[in-house]
Amino acid sequence: MELREWAQRILSADTLEEKLLSPECLTDNVPGALLLFKQPTRPTGMGFSSRKKEDKLPPLHEHKSQDNRAICLHRFCGHELLAVEIMAQALLAFPDAPKTFRKGLANTLKEEQEHVRLYCARLKEMGVEFGSMPLYEHFWRQVHHLTTPIKYVSVMSLTFEMANLDFAPSYGKNFERFGDHESASLMAQILRDEIGHVSFGMQWLKKFKSKELSEWEAWREALPDHLILKRAKGHQFQINNRKKARVPEEWIKKLNSV
């Protein structure tokens with residue numbers, strides 16, 4: 001299947017099964033012209049809800065309750081589904097990007113699909129169906145800012161996914177603390193994959209950026225004005241995870257001080 005057809009099917013899908021379609025053989029012989037979706041089609045019951053101030057995740061000290069842990073996992077699953085859709089959009093938005101970039105993006109998309117499957121399976125074990133709680137537009141609101149590949153990697157790989165280098169181990173440690181080994185193990189796998197995704201973004205930032213700019217400068221320049229630098233980190237800053245993702249020392253120090 002062509003990457004273009006695959007991406008269109010994901011964004012047009014009205015079933016979760018079709019959203020998670022992951023062909024073994026994908027080709028990129030006919031990337032076609034730029035194509036943008038205003039919003040992805042969603043399965044029944046999985047449309048975007050309006051987020052209210054009180055719709056915050058349960059704080060860490062309330063994770064002893066399985067219901068509260070399930071709320072967290074359901075929200076994370078929603079984020080992963082958004083990532084699948086945004087990456088499909090990127091394949092359609094950047095038909096002229098280097099083939100190796102598009103191939104790497106497709107591989108990342110497949111891993112995000114697997115994350116959705118894993119979260120859904122864990123939620124089912126907890127007696128919760130994915131889609132039974134509100135899902136939010138969240139990351140999709142950034143799509144119209146992702147007009148070039150360097151802006152894409154700067155926002156998705158090096159901001160939102162980089163923040164998960166902090167959030168995933170933080171939640172995983174807390175789930176473990178309350179005896180939920182299965183959810184903790186899931187967060188550990190998410191972390192391993194996110195390290196690879198951040199590394200992918202850093203690799204391509206270096207290739208796309210102007211030679212006179214440092215990686216930090218290029219990232220800041222590519223971010224939309226409304227996106228603050230703190231969005232690239234969580235409350236417990238994980239230096240070693242960034243080192244594993246090959247984030248430069250200068251970047252780590254500057255982000256840690258923000």
# chains A, B, ... in the order shown; residues from 1 in each chain; ligands from 1

call {"tool": "residues_around", "arguments": {"residues": "A:Gly179", "least_positions_apart": "3", "cutoff": "12 Å", "atoms": "only C-alpha atoms", "output": "list in words"}}
result
His63, Lys64, Ser65, Gln66, Arg69, Gly172, Lys173, Asn174, Phe175, Glu176, Glu182, Ser183, Ala184 and Ser185 of chain A

call {"tool": "write_last_selection", "arguments": {"atoms": "C-alpha atoms", "output": "PDB file, in the first residue's frame"}}
result
ATOM      1  CA  HIS A  63      -3.552   6.802  41.876  1.00  0.00           C
ATOM      2  CA  LYS A  64      -4.214   4.187  44.529  1.00  0.00           C
ATOM      3  CA  SER A  65      -7.689   4.047  42.994  1.00  0.00           C
ATOM      4  CA  GLN A  66      -7.829   1.837  39.892  1.00  0.00           C
ATOM      5  CA  ARG A  69      -5.365   5.106  37.024  1.00  0.00           C
ATOM      6  CA  GLY A 172       5.083   4.507  35.588  1.00  0.00           C
ATOM      7  CA  LYS A 173       6.888   4.889  38.906  1.00  0.00           C
ATOM      8  CA  ASN A 174       3.685   5.987  40.584  1.00  0.00           C
ATOM      9  CA  PHE A 175       1.652   3.103  39.154  1.00  0.00           C
ATOM     10  CA  GLU A 176       4.333   0.743  40.453  1.00  0.00           C
ATOM     11  CA  GLU A 182       1.025  -4.057  34.404  1.00  0.00           C
ATOM     12  CA  SER A 183       0.419  -0.332  33.873  1.00  0.00           C
ATOM     13  CA  ALA A 184       3.958   0.450  35.051  1.00  0.00           C
ATOM     14  CA  SER A 185       5.360  -2.006  32.501  1.00  0.00           C
TER      15      SER A 185
END

call {"tool": "residues_around", "arguments": {"residues": "A:Pro224", "least_positions_apart": "6", "cutoff": "12 Å", "atoms": "only C-alpha atoms", "output": "ChimeraX atom specification"}}
result
/A:141-148,150-152,154-156,159

call {"tool": "residues_around", "arguments": {"residues": "stretch 13-26 of chain A", "least_positions_apart": "5", "cutoff": "10 Å", "atoms": "only C-alpha atoms", "output": "PDB file with C-alpha atoms, in the first residue's frame"}}
result
ATOM      1  CA  MET A   1       0.000   0.000   0.000  1.00  0.00           C
ATOM      2  CA  GLU A   2       1.187   3.522  -0.758  1.00  0.00           C
ATOM      3  CA  LEU A   3       1.911   5.809   2.195  1.00  0.00           C
ATOM      4  CA  ARG A   4      -0.528   8.339   0.764  1.00  0.00           C
ATOM      5  CA  GLU A   5      -3.409   5.864   0.628  1.00  0.00           C
ATOM      6  CA  TRP A   6      -2.581   4.588   4.118  1.00  0.00           C
ATOM      7  CA  ALA A   7      -2.564   8.106   5.574  1.00  0.00           C
ATOM      8  CA  GLN A   8      -5.864   8.988   3.898  1.00  0.00           C
ATOM      9  CA  PRO A  40      -9.887  13.606  11.189  1.00  0.00           C
ATOM     10  CA  THR A  41     -13.003  11.481  10.884  1.00  0.00           C
ATOM     11  CA  ARG A  42     -13.573   9.690  14.176  1.00  0.00           C
ATOM     12  CA  PRO A  43     -15.315   6.445  15.173  1.00  0.00           C
ATOM     13  CA  THR A  44     -18.726   6.826  16.817  1.00  0.00           C
ATOM     14  CA  MET A  46     -14.672   8.999  19.906  1.00  0.00           C
ATOM     15  CA  LEU A  81      -4.573   8.187  18.725  1.00  0.00           C
ATOM     16  CA  VAL A  84      -1.414   8.559  14.785  1.00  0.00           C
ATOM     17  CA  GLU A  85      -3.681  11.052  13.033  1.00  0.00           C
ATOM     18  CA  LYS A 103       9.858   6.245   5.940  1.00  0.00           C
ATOM     19  CA  ALA A 106       5.747   5.964   8.881  1.00  0.00           C
ATOM     20  CA  ASN A 107       7.666   3.707  11.280  1.00  0.00           C
ATOM     21  CA  LEU A 109       3.251   6.135  13.171  1.00  0.00           C
ATOM     22  CA  LYS A 110       3.174   2.330  13.367  1.00  0.00           C
ATOM     23  CA  GLU A 111       4.635   2.454  16.871  1.00  0.00           C
ATOM     24  CA  GLU A 112       1.972   4.974  17.898  1.00  0.00           C
ATOM     25  CA  GLN A 113      -0.681   2.612  16.566  1.00  0.00           C
ATOM     26  CA  GLU A 114       0.802  -0.140  18.716  1.00  0.00           C
ATOM     27  CA  VAL A 116      -3.078   2.622  21.146  1.00  0.00           C
ATOM     28  CA  ARG A 117      -3.506  -1.159  21.008  1.00  0.00           C
ATOM     29  CA  PHE A 130     -11.564   3.086  25.077  1.00  0.00           C
ATOM     30  CA  GLY A 131     -13.968   5.856  24.082  1.00  0.00           C
TER      31      GLY A 131
END

call {"tool": "closest_residue", "arguments": {"among": "A:Lys233, A:Arg177, A:Lys206, A:Lys38", "to": "A:Pro248", "atoms": "only C-alpha atoms"}}
result
A:Lys206

call {"tool": "atom_distance", "arguments": {"atom1": "atom CA of A:Ser257", "atom2": "atom CA of A:Glu221"}}
result
18.4 Å

call {"tool": "select_by_dssp", "arguments": {"residues": "stretch 29-256 of chain A", "states": "helix (DSSP H, G or I)", "output": "JSON, numbers by chain"}}
result
{"A": [60, 61, 62, 66, 67, 68, 69, 70, 71, 72, 73, 74, 75, 76, 77, 78, 79, 80, 81, 82, 83, 84, 85, 86, 87, 88, 89, 90, 91, 92, 93, 99, 100, 101, 102, 103, 104, 105, 106, 107, 108, 109, 110, 111, 112, 113, 114, 115, 116, 117, 118, 119, 120, 121, 122, 123, 124, 125, 138, 139, 140, 141, 142, 143, 144, 145, 149, 150, 151, 152, 153, 154, 155, 156, 157, 158, 159, 160, 161, 162, 163, 164, 165, 166, 167, 168, 169, 170, 171, 172, 173, 174, 175, 176, 177, 181, 182, 183, 184, 185, 186, 187, 188, 189, 190, 191, 192, 193, 194, 195, 196, 197, 198, 199, 200, 201, 202, 203, 204, 205, 206, 207, 208, 215, 216, 217, 218, 219, 220, 221, 222, 229, 230, 231, 232, 239, 240, 241, 242, 243, 244, 249, 250, 251, 252, 253, 254, 255, 256]}

call {"tool": "write_last_selection", "arguments": {"atoms": "C-alpha atoms", "output": "tab-separated table (two decimals), in the first residue's frame"}}
result
chain	number	residue	atom	x	y	z
A	60	LEU	CA	-0.38	11.33	41.62
A	61	HIS	CA	-1.39	10.79	45.24
A	62	GLU	CA	-4.86	9.62	44.10
A	66	GLN	CA	-7.83	1.84	39.89
A	67	ASP	CA	-10.54	4.10	38.50
A	68	ASN	CA	-8.17	7.06	38.66
A	69	ARG	CA	-5.36	5.11	37.02
A	70	ALA	CA	-7.78	4.12	34.27
A	71	ILE	CA	-8.68	7.78	33.71
A	72	CYS	CA	-4.98	8.50	33.17
A	73	LEU	CA	-4.47	5.59	30.78
A	74	HIS	CA	-7.59	6.52	28.81
A	75	ARG	CA	-6.29	10.08	28.38
A	76	PHE	CA	-2.88	8.79	27.30
A	77	CYS	CA	-4.52	6.45	24.80
A	78	GLY	CA	-6.35	9.45	23.37
A	79	HIS	CA	-3.03	11.25	22.98
A	80	GLU	CA	-1.60	8.28	21.10
A	81	LEU	CA	-4.57	8.19	18.73
A	82	LEU	CA	-4.07	11.91	18.06
A	83	ALA	CA	-0.40	11.22	17.32
A	84	VAL	CA	-1.41	8.56	14.78
A	85	GLU	CA	-3.68	11.05	13.03
A	86	ILE	CA	-1.17	13.92	13.12
A	87	MET	CA	1.55	11.71	11.67
A	88	ALA	CA	-0.81	10.59	8.92
A	89	GLN	CA	-1.51	14.25	8.23
A	90	ALA	CA	2.25	14.92	8.04
A	91	LEU	CA	2.66	12.22	5.40
A	92	LEU	CA	0.05	14.05	3.30
A	93	ALA	CA	1.38	17.52	4.12
A	99	LYS	CA	12.04	9.58	1.34
A	100	THR	CA	14.05	8.50	4.39
A	101	PHE	CA	12.24	11.09	6.52
A	102	ARG	CA	8.86	9.85	5.32
A	103	LYS	CA	9.86	6.24	5.94
A	104	GLY	CA	10.97	7.10	9.48
A	105	LEU	CA	7.73	8.99	10.06
A	106	ALA	CA	5.75	5.96	8.88
A	107	ASN	CA	7.67	3.71	11.28
A	108	THR	CA	6.94	6.10	14.14
A	109	LEU	CA	3.25	6.13	13.17
A	110	LYS	CA	3.17	2.33	13.37
A	111	GLU	CA	4.64	2.45	16.87
A	112	GLU	CA	1.97	4.97	17.90
A	113	GLN	CA	-0.68	2.61	16.57
A	114	GLU	CA	0.80	-0.14	18.72
A	115	HIS	CA	0.66	2.17	21.72
A	116	VAL	CA	-3.08	2.62	21.15
A	117	ARG	CA	-3.51	-1.16	21.01
A	118	LEU	CA	-1.53	-1.62	24.23
A	119	TYR	CA	-3.46	1.04	26.10
A	120	CYS	CA	-6.77	-0.38	24.85
A	121	ALA	CA	-5.78	-3.86	26.02
A	122	ARG	CA	-4.74	-2.62	29.46
A	123	LEU	CA	-7.91	-0.56	29.81
A	124	LYS	CA	-9.99	-3.62	28.90
A	125	GLU	CA	-8.23	-5.58	31.65
A	138	HIS	CA	-5.50	18.83	22.21
A	139	PHE	CA	-2.47	18.22	19.91
A	140	TRP	CA	-4.59	18.43	16.75
A	141	ARG	CA	-4.92	22.17	17.36
A	142	GLN	CA	-1.24	22.49	16.46
A	143	VAL	CA	-1.61	20.91	13.01
A	144	HIS	CA	-2.10	24.14	11.07
A	145	HIS	CA	1.23	25.37	12.47
A	149	PRO	CA	9.06	19.19	8.22
A	150	ILE	CA	11.30	21.14	10.62
A	151	LYS	CA	8.24	22.65	12.29
A	152	TYR	CA	6.71	19.19	12.53
A	153	VAL	CA	9.71	17.63	14.30
A	154	SER	CA	10.13	20.70	16.50
A	155	VAL	CA	6.55	20.59	17.78
A	156	MET	CA	5.76	16.87	17.79
A	157	SER	CA	9.07	15.07	18.31
A	158	LEU	CA	11.00	17.68	20.27
A	159	THR	CA	8.24	19.23	22.35
A	160	PHE	CA	5.29	16.92	23.01
A	161	GLU	CA	7.17	13.62	22.69
A	162	MET	CA	10.16	15.02	24.55
A	163	ALA	CA	7.88	15.93	27.45
A	164	ASN	CA	6.89	12.28	27.59
A	165	LEU	CA	10.49	11.46	28.50
A	166	ASP	CA	9.47	12.93	31.87
A	167	PHE	CA	5.79	12.04	32.10
A	168	ALA	CA	6.03	8.35	31.16
A	169	PRO	CA	8.56	7.40	33.86
A	170	SER	CA	6.82	9.61	36.42
A	171	TYR	CA	3.46	7.91	35.93
A	172	GLY	CA	5.08	4.51	35.59
A	173	LYS	CA	6.89	4.89	38.91
A	174	ASN	CA	3.69	5.99	40.58
A	175	PHE	CA	1.65	3.10	39.15
A	176	GLU	CA	4.33	0.74	40.45
A	177	ARG	CA	4.14	2.43	43.83
A	181	HIS	CA	2.82	-3.57	37.73
A	182	GLU	CA	1.02	-4.06	34.40
A	183	SER	CA	0.42	-0.33	33.87
A	184	ALA	CA	3.96	0.45	35.05
A	185	SER	CA	5.36	-2.01	32.50
A	186	LEU	CA	3.27	-0.38	29.78
A	187	MET	CA	4.64	3.06	30.63
A	188	ALA	CA	8.18	1.65	30.47
A	189	GLN	CA	7.57	0.44	26.92
A	190	ILE	CA	6.07	3.81	25.97
A	191	LEU	CA	9.20	5.50	27.33
A	192	ARG	CA	11.53	3.27	25.30
A	193	ASP	CA	9.68	4.12	22.11
A	194	GLU	CA	9.47	7.83	22.90
A	195	ILE	CA	13.25	7.97	23.33
A	196	GLY	CA	13.50	6.68	19.76
A	197	HIS	CA	10.94	9.21	18.53
A	198	VAL	CA	12.82	12.12	20.11
A	199	SER	CA	16.05	10.82	18.60
A	200	PHE	CA	14.35	10.74	15.18
A	201	GLY	CA	13.24	14.34	15.61
A	202	MET	CA	16.70	15.49	16.69
A	203	GLN	CA	18.33	13.69	13.77
A	204	TRP	CA	16.09	15.49	11.28
A	205	LEU	CA	16.26	18.85	13.01
A	206	LYS	CA	20.01	18.75	12.47
A	207	LYS	CA	19.50	17.96	8.77
A	208	PHE	CA	16.76	20.54	8.17
A	215	GLU	CA	19.94	22.83	17.46
A	216	TRP	CA	18.43	24.80	20.36
A	217	GLU	CA	18.16	27.97	18.28
A	218	ALA	CA	16.63	26.13	15.33
A	219	TRP	CA	14.06	24.46	17.59
A	220	ARG	CA	13.04	27.75	19.20
A	221	GLU	CA	12.78	29.45	15.82
A	222	ALA	CA	10.56	26.67	14.45
A	229	LEU	CA	9.36	26.04	25.98
A	230	LYS	CA	8.15	24.37	29.18
A	231	ARG	CA	5.81	22.20	27.11
A	232	ALA	CA	8.91	20.12	26.27
A	239	ILE	CA	18.39	14.13	32.00
A	240	ASN	CA	19.42	10.54	31.23
A	241	ASN	CA	16.40	9.88	29.01
A	242	ARG	CA	17.36	12.91	26.90
A	243	LYS	CA	20.94	11.71	26.68
A	244	LYS	CA	19.65	8.34	25.43
A	249	GLU	CA	24.16	18.75	26.38
A	250	GLU	CA	23.58	22.46	25.69
A	251	TRP	CA	19.91	21.78	24.95
A	252	ILE	CA	19.47	19.71	28.11
A	253	LYS	CA	20.98	22.42	30.30
A	254	LYS	CA	18.94	25.20	28.74
A	255	LEU	CA	15.64	23.30	28.87
A	256	ASN	CA	16.27	22.26	32.46

call {"tool": "atom_distance", "arguments": {"atom1": "atom CA of A:Leu34", "atom2": "atom CA of A:Ala97"}}
result
11.0 Å

call {"tool": "select_by_dssp", "arguments": {"residues": "stretch 39-227 of chain A", "states": "strand (DSSP E or B)", "output": "PyMOL selection string"}}
result
chain A and resi 48-49+135-136

call {"tool": "write_last_selection", "arguments": {"atoms": "C-alpha atoms", "output": "tab-separated table (two decimals), in the first residue's frame"}}
result
chain	number	residue	atom	x	y	z
A	48	PHE	CA	-13.67	15.52	20.32
A	49	SER	CA	-15.24	16.84	23.53
A	135	LEU	CA	-11.44	12.59	24.21
A	136	TYR	CA	-9.99	15.99	23.43

call {"tool": "atom_distance", "arguments": {"atom1": "atom CA of A:Phe237", "atom2": "atom CA of A:Leu223"}}
result
20.6 Å

call {"tool": "closest_residue", "arguments": {"among": "A:Met126, A:Leu57, A:Ser50, A:Asp28", "to": "A:Asp180", "atoms": "only C-alpha atoms"}}
result
A:Met126
